[in-house]
Structure formats: structure tokens, C-alpha cells
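So this one's target-v9.txt, compact mmCIF, C-alpha atoms and all ligand atoms:
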# COMPACT_ATOMS: atom_id res chain seq x y z
CA MET A 1 88.03 -17.78 9.29
CA ILE A 2 85.70 -15.06 10.45
CA SER A 3 86.67 -11.47 11.20
CA LYS A 4 87.55 -10.36 14.73
CA LYS A 5 84.43 -8.21 14.76
CA MET A 6 82.21 -11.12 13.76
CA GLU A 7 83.98 -13.38 16.26
CA LYS A 8 83.27 -10.90 19.05
CA ALA A 9 79.62 -10.52 18.01
CA LEU A 10 79.07 -14.30 17.83
CA ASN A 11 80.70 -14.73 21.24
CA GLY A 12 78.31 -12.09 22.51
CA GLN A 13 75.42 -14.14 21.17
CA VAL A 14 76.67 -17.27 22.98
CA ASN A 15 76.43 -15.19 26.15
CA ALA A 16 72.94 -13.91 25.21
CA GLU A 17 71.68 -17.46 24.59
CA LEU A 18 73.11 -18.66 27.89
CA TYR A 19 71.47 -15.69 29.61
CA SER A 20 68.20 -16.77 27.96
CA ALA A 21 68.70 -20.25 29.43
CA TYR A 22 69.31 -18.68 32.83
CA LEU A 23 66.23 -16.47 32.51
CA TYR A 24 63.95 -19.40 31.63
CA LEU A 25 65.45 -21.47 34.42
CA SER A 26 64.57 -18.65 36.82
CA MET A 27 61.04 -18.58 35.36
CA GLU A 28 60.85 -22.36 35.90
CA SER A 29 61.69 -21.89 39.57
CA TYR A 30 58.96 -19.24 39.87
CA PHE A 31 56.37 -21.66 38.47
CA LYS A 32 57.64 -24.43 40.74
CA SER A 33 57.07 -22.14 43.73
CA LEU A 34 53.42 -21.84 42.59
CA ASN A 35 53.09 -25.60 42.07
CA LEU A 36 52.37 -24.97 38.40
CA ASN A 37 54.49 -27.88 37.26
CA GLY A 38 53.28 -27.89 33.66
CA PHE A 39 54.36 -24.25 33.24
CA ALA A 40 57.62 -25.18 34.96
CA ASN A 41 58.09 -28.02 32.47
CA TRP A 42 57.57 -25.64 29.54
CA MET A 43 60.30 -23.40 30.96
CA ARG A 44 62.66 -26.35 31.50
CA VAL A 45 62.28 -27.32 27.84
CA GLN A 46 62.85 -23.69 26.85
CA THR A 47 66.04 -23.65 28.94
CA GLN A 48 67.27 -26.76 27.10
CA GLU A 49 66.48 -25.10 23.77
CA GLU A 50 68.51 -22.03 24.73
CA ILE A 51 71.50 -24.15 25.74
CA MET A 52 71.21 -25.87 22.37
CA HIS A 53 71.18 -22.44 20.65
CA ALA A 54 74.31 -21.39 22.57
CA MET A 55 76.11 -24.62 21.69
CA LYS A 56 75.19 -24.29 18.03
CA ILE A 57 76.95 -20.90 17.89
CA TYR A 58 79.81 -22.14 20.08
CA ASP A 59 80.45 -25.03 17.67
CA PHE A 60 80.22 -22.72 14.66
CA ILE A 61 82.84 -20.33 16.07
CA ASP A 62 85.12 -23.29 16.67
CA GLU A 63 84.44 -24.81 13.27
CA ARG A 64 85.48 -21.56 11.61
CA GLY A 65 88.82 -21.66 13.39
CA SER A 66 87.99 -18.80 15.74
CA ARG A 67 88.27 -18.41 19.48
CA ILE A 68 85.44 -18.94 21.93
CA THR A 69 85.65 -16.54 24.87
CA LEU A 70 83.10 -16.95 27.64
CA LYS A 71 82.03 -13.99 29.73
CA ALA A 72 80.02 -13.70 32.95
CA ILE A 73 76.31 -14.37 32.62
CA GLU A 74 74.10 -11.70 34.14
CA GLY A 75 71.69 -12.73 36.90
CA PRO A 76 68.06 -12.93 35.70
CA PRO A 77 65.02 -11.56 37.55
CA THR A 78 63.68 -13.98 40.15
CA GLN A 79 60.18 -12.71 40.78
CA TRP A 80 57.13 -11.85 38.67
CA ASP A 81 53.61 -10.70 39.53
CA SER A 82 51.70 -13.45 37.75
CA PRO A 83 52.03 -16.25 35.16
CA ARG A 84 50.90 -13.75 32.55
CA ALA A 85 53.66 -11.31 33.58
CA VAL A 86 56.19 -14.13 33.14
CA PHE A 87 55.08 -14.91 29.61
CA GLU A 88 54.87 -11.23 28.70
CA ALA A 89 58.49 -10.94 29.85
CA ALA A 90 59.41 -14.06 27.87
CA TYR A 91 57.77 -12.65 24.74
CA ALA A 92 59.55 -9.28 25.17
CA HIS A 93 62.82 -11.14 25.69
CA GLU A 94 62.39 -13.12 22.49
CA GLN A 95 61.69 -9.91 20.56
CA LYS A 96 64.97 -8.57 21.94
CA VAL A 97 66.82 -11.72 20.87
CA THR A 98 65.33 -11.41 17.38
CA GLY A 99 66.86 -7.91 17.26
CA LEU A 100 70.25 -9.35 18.26
CA ILE A 101 70.07 -12.04 15.56
CA ASN A 102 69.09 -9.43 12.97
CA GLY A 103 72.08 -7.36 14.05
CA LEU A 104 74.38 -10.35 13.49
CA VAL A 105 72.90 -10.92 10.04
CA ASP A 106 73.41 -7.22 9.21
CA LEU A 107 77.06 -7.53 10.25
CA ALA A 108 77.58 -10.74 8.24
CA ILE A 109 76.11 -9.02 5.16
CA LYS A 110 78.25 -5.93 5.72
CA GLU A 111 81.35 -8.10 5.95
CA LYS A 112 80.30 -10.25 2.96
CA ASP A 113 80.60 -13.25 5.29
CA HIS A 114 78.25 -15.56 3.37
CA ALA A 115 78.94 -18.66 5.49
CA THR A 116 77.99 -16.87 8.71
CA ASN A 117 74.97 -15.33 7.06
CA THR A 118 73.79 -18.78 5.92
CA PHE A 119 74.44 -20.22 9.38
CA LEU A 120 72.40 -17.43 10.98
CA GLN A 121 69.35 -18.08 8.80
CA TRP A 122 68.47 -21.05 11.04
CA PHE A 123 68.24 -18.58 13.94
CA VAL A 124 66.18 -16.11 11.90
CA ASN A 125 63.58 -18.84 11.35
CA GLU A 126 63.84 -20.12 14.91
CA GLN A 127 63.06 -16.64 16.27
CA VAL A 128 59.75 -16.56 14.39
CA GLU A 129 58.79 -19.72 16.30
CA GLU A 130 60.24 -18.47 19.58
CA GLU A 131 58.19 -15.27 19.49
CA ALA A 132 55.03 -17.04 18.32
CA SER A 133 55.10 -19.71 21.03
CA ALA A 134 55.58 -17.20 23.87
CA ASP A 135 52.93 -14.85 22.47
CA ALA A 136 50.42 -17.71 22.01
CA ILE A 137 50.62 -18.44 25.75
CA VAL A 138 50.27 -14.71 26.61
CA GLN A 139 47.08 -14.66 24.54
CA GLN A 140 45.73 -17.81 26.22
CA LEU A 141 46.46 -16.38 29.67
CA LYS A 142 44.71 -13.13 28.75
CA MET A 143 41.60 -14.99 27.59
CA MET A 144 41.33 -17.05 30.75
CA GLU A 145 41.77 -14.13 33.14
CA ASP A 146 38.21 -14.53 34.50
CA ALA A 147 38.28 -18.32 34.51
CA PRO A 148 40.80 -19.53 37.11
CA GLY A 149 40.16 -23.17 36.17
CA GLY A 150 41.70 -22.36 32.82
CA LEU A 151 45.11 -21.92 34.42
CA PHE A 152 45.13 -25.54 35.56
CA MET A 153 43.97 -26.76 32.16
CA LEU A 154 46.79 -24.82 30.50
CA ASP A 155 49.20 -26.18 33.11
CA ARG A 156 48.24 -29.71 32.06
CA GLU A 157 48.73 -28.79 28.39
CA LEU A 158 52.17 -27.26 28.98
CA ALA A 159 53.24 -30.38 30.87
CA GLN A 160 53.23 -32.18 27.51
CA ARG A 161 56.07 -30.17 25.99
CA VAL A 162 59.23 -32.19 25.41
CA PHE A 163 62.70 -31.19 24.30
CA THR A 164 63.73 -32.69 21.00
CA PRO A 165 67.50 -32.63 20.58
CA PRO A 166 68.67 -31.56 17.12
CA PRO A 167 69.86 -34.39 14.84
CA ALA A 168 73.60 -35.07 14.99
CA GLU A 169 75.80 -33.49 12.31
CA GLY A 170 75.37 -35.07 8.89
CA GLN A 171 71.97 -36.65 9.60
FE1 LIG B 1 67.62 -18.60 21.64
FE2 LIG B 1 64.80 -18.01 22.63
O1 LIG B 1 66.13 -17.66 21.44

Do you think you could lay out the structure here as C-alpha cells?
Amino acid sequence: MISKKMEKALNGQVNAELYSAYLYLSMESYFKSLNLNGFANWMRVQTQEEIMHAMKIYDFIDERGSRITLKAIEGPPTQWDSPRAVFEAAYAHEQKVTGLINGLVDLAIKEKDHATNTFLQWFVNEQVEEEASADAIVQQLKMMEDAPGGLFMLDRELAQRVFTPPPAEGQ
């Protein structure tokens, strides 16, 4: 059993992960409107990852005998000025999520909730990757600012990204 405070905070994170999914889905639609289908694919995979993150926390709350309570998901932005602006926003968003995860870890430590702390370590590591992958694309987009052909090359590269579902429990 987890405390009511921890339960509320974890439920809040389910909402934050689903918002992330919604945000990346909106970014996907922006790229589709520009016919940048590789960028759109990258965002679709990111959306799937965020849903996976949400479900991981959802299942954990349930596994600990606590109550899942779903709240409204805020509407994401729908327009950006450029592909670079999208990835800068994605990078800033991931930094914000890292802060939320760190806050959950702080709470788990404060409450001496070792099981939740251990569970959250997967997210601590995941956030390092989440920030790095968004920032890497920001850097690539910055470098190719004066070479428009580069955008199409990167689009082809991002078309390769695939979602790998996590292994089933116990594997
Ligand atoms: Fe679920 Fe992108 O962090």
C-alpha cells in the first residue's frame, strides 16, 4: 500500500504522461501538415512511448492496491513556427517531466517508500534518454539551418524510428 499523498502524486504523473502523449500527437499532426512524414513518424513513436510510460505507472498504482483516478487532459499547443521550434519545445517539455519525476522520487524518499523509489528509478534513467534524444535533434536542426536539403535528409533518418514495446512482466 502506498500513502494517499504518494497515490495522488503518482496519479498526477499518469496525467502528465498522457498529456505528453497528447503533446507529441499534436506535434505529429504539425509535421504531417508540412509533409515531413519522417518527423511525424518520430512523434508517433514518442506518443506510443508516453502511453507506455502512463500505463507503467497506472499498473504500479493498481499493483500496490491503490486507486487510479483519471483527470482531464489539458489541450496541447497546435502550432509552432518551425521544426526547430517543435523540438525545442519537446526538449523543454522533457526537462519539465524530469523535474516531475525527481519530485516523485523526493516524495518517495521522504515517505521511506522504498518500493516506489525503486520503481521510479526506471523513469529517472528514461528521462536521461528522453532529454538527450530531443536535444540531439535540436542540435542537428541548428546545424542545418543554412542547408535546407538537410531537413529532408533528417526526415528520412527519423522515418526509421520504431516503437519497441517493453517485454511482458517476468521476461
Ligand atoms: Fe514520459 Fe517523455 O517522458

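Remark: for ligand LIG 1 (chain B), the closest of the candidate residues A:Gly99, A:Gly149, A:Gly65, A:Pro167 is A:Gly99 (distances computed over only C-alpha atoms and all ligand atoms).
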
What's the 9 Å shell around Ser66 of chain A, counting all atoms listed in the file, without same-chain residues fewer than 2 positions away, as a list in words?
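These residues fall inside the cut-off: Met1, Ile2, Ser3, Lys4, Glu7, Phe60, Ile61, Asp62, Glu63, Arg64 and Ile68 of chain A.
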
Given a cut-off of 10 Å, what residues near ligand LIG 1 (chain B) show up using all atoms listed in the file, put as a PyMOL selection string? chain A and resi 13-14+16-21+24+46-54+90-91+93-98+100-101+123-124+126-131+133-134

task = Name the residues in contact with Leu141 of chain A at a cut-off of 12 Å, using only C-alpha atoms, excluding same-chain residues fewer than 5 positions from it; report them as a ChimeraX atom specification.
result = /A:39,82-88,134-136,146-155

Would you save the residues from that selection as a JSON list (two decimals), in the coordinates of the input, using C-alpha atoms?
[["chain", "number", "residue", "atom", "x", "y", "z"],
["A", 39, "PHE", "CA", 54.36, -24.25, 33.24],
["A", 82, "SER", "CA", 51.70, -13.45, 37.75],
["A", 83, "PRO", "CA", 52.03, -16.25, 35.16],
["A", 84, "ARG", "CA", 50.90, -13.75, 32.55],
["A", 85, "ALA", "CA", 53.66, -11.31, 33.58],
["A", 86, "VAL", "CA", 56.19, -14.13, 33.14],
["A", 87, "PHE", "CA", 55.08, -14.91, 29.61],
["A", 88, "GLU", "CA", 54.87, -11.23, 28.70],
["A", 134, "ALA", "CA", 55.58, -17.20, 23.87],
["A", 135, "ASP", "CA", 52.93, -14.85, 22.47],
["A", 136, "ALA", "CA", 50.42, -17.71, 22.01],
["A", 146, "ASP", "CA", 38.21, -14.53, 34.50],
["A", 147, "ALA", "CA", 38.28, -18.32, 34.51],
["A", 148, "PRO", "CA", 40.80, -19.53, 37.11],
["A", 149, "GLY", "CA", 40.16, -23.17, 36.17],
["A", 150, "GLY", "CA", 41.70, -22.36, 32.82],
["A", 151, "LEU", "CA", 45.11, -21.92, 34.42],
["A", 152, "PHE", "CA", 45.13, -25.54, 35.56],
["A", 153, "MET", "CA", 43.97, -26.76, 32.16],
["A", 154, "LEU", "CA", 46.79, -24.82, 30.50],
["A", 155, "ASP", "CA", 49.20, -26.18, 33.11]]

Practice problem: Figure out the distance between atom CA of Arg67 of chain A and atom CA of Thr118 of chain A, please, to one decimal in Å. | Solution: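 Answer for the atom CA of Thr118 of chain A to atom CA of Arg67 of chain A separation: 19.8 Å.
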
task = Tell me, in Å to one decimal, how far atom CA of Ala115 of chain A is from atom CA of Ile73 of chain A.
result =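 Atom CA of Ile73 of chain A lies 27.6 Å from atom CA of Ala115 of chain A.
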
Between atom CA of Ala89 of chain A and atom CA of Val138 of chain A lies a distance of 9.6 Å

**All residues 6 Å or closer to Gly38 of chain A, only C-alpha atoms, same chain fewer than 6 positions away omitted, as an MDAnalysis selection string** = chainID A and resid 155:156 158:159

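Compared by their closest atoms to Lys110 of chain A, and using all atoms listed in the file, the residues A:Met6, A:Ala72, A:Ala40, A:Ile137 rank with A:Met6 nearest.
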
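When only C-alpha atoms are used to compute distances to Tyr58 of chain A, the closest of the residues A:Leu10, A:Leu25, A:Leu120, A:Ala108 turns out to be A:Leu10.
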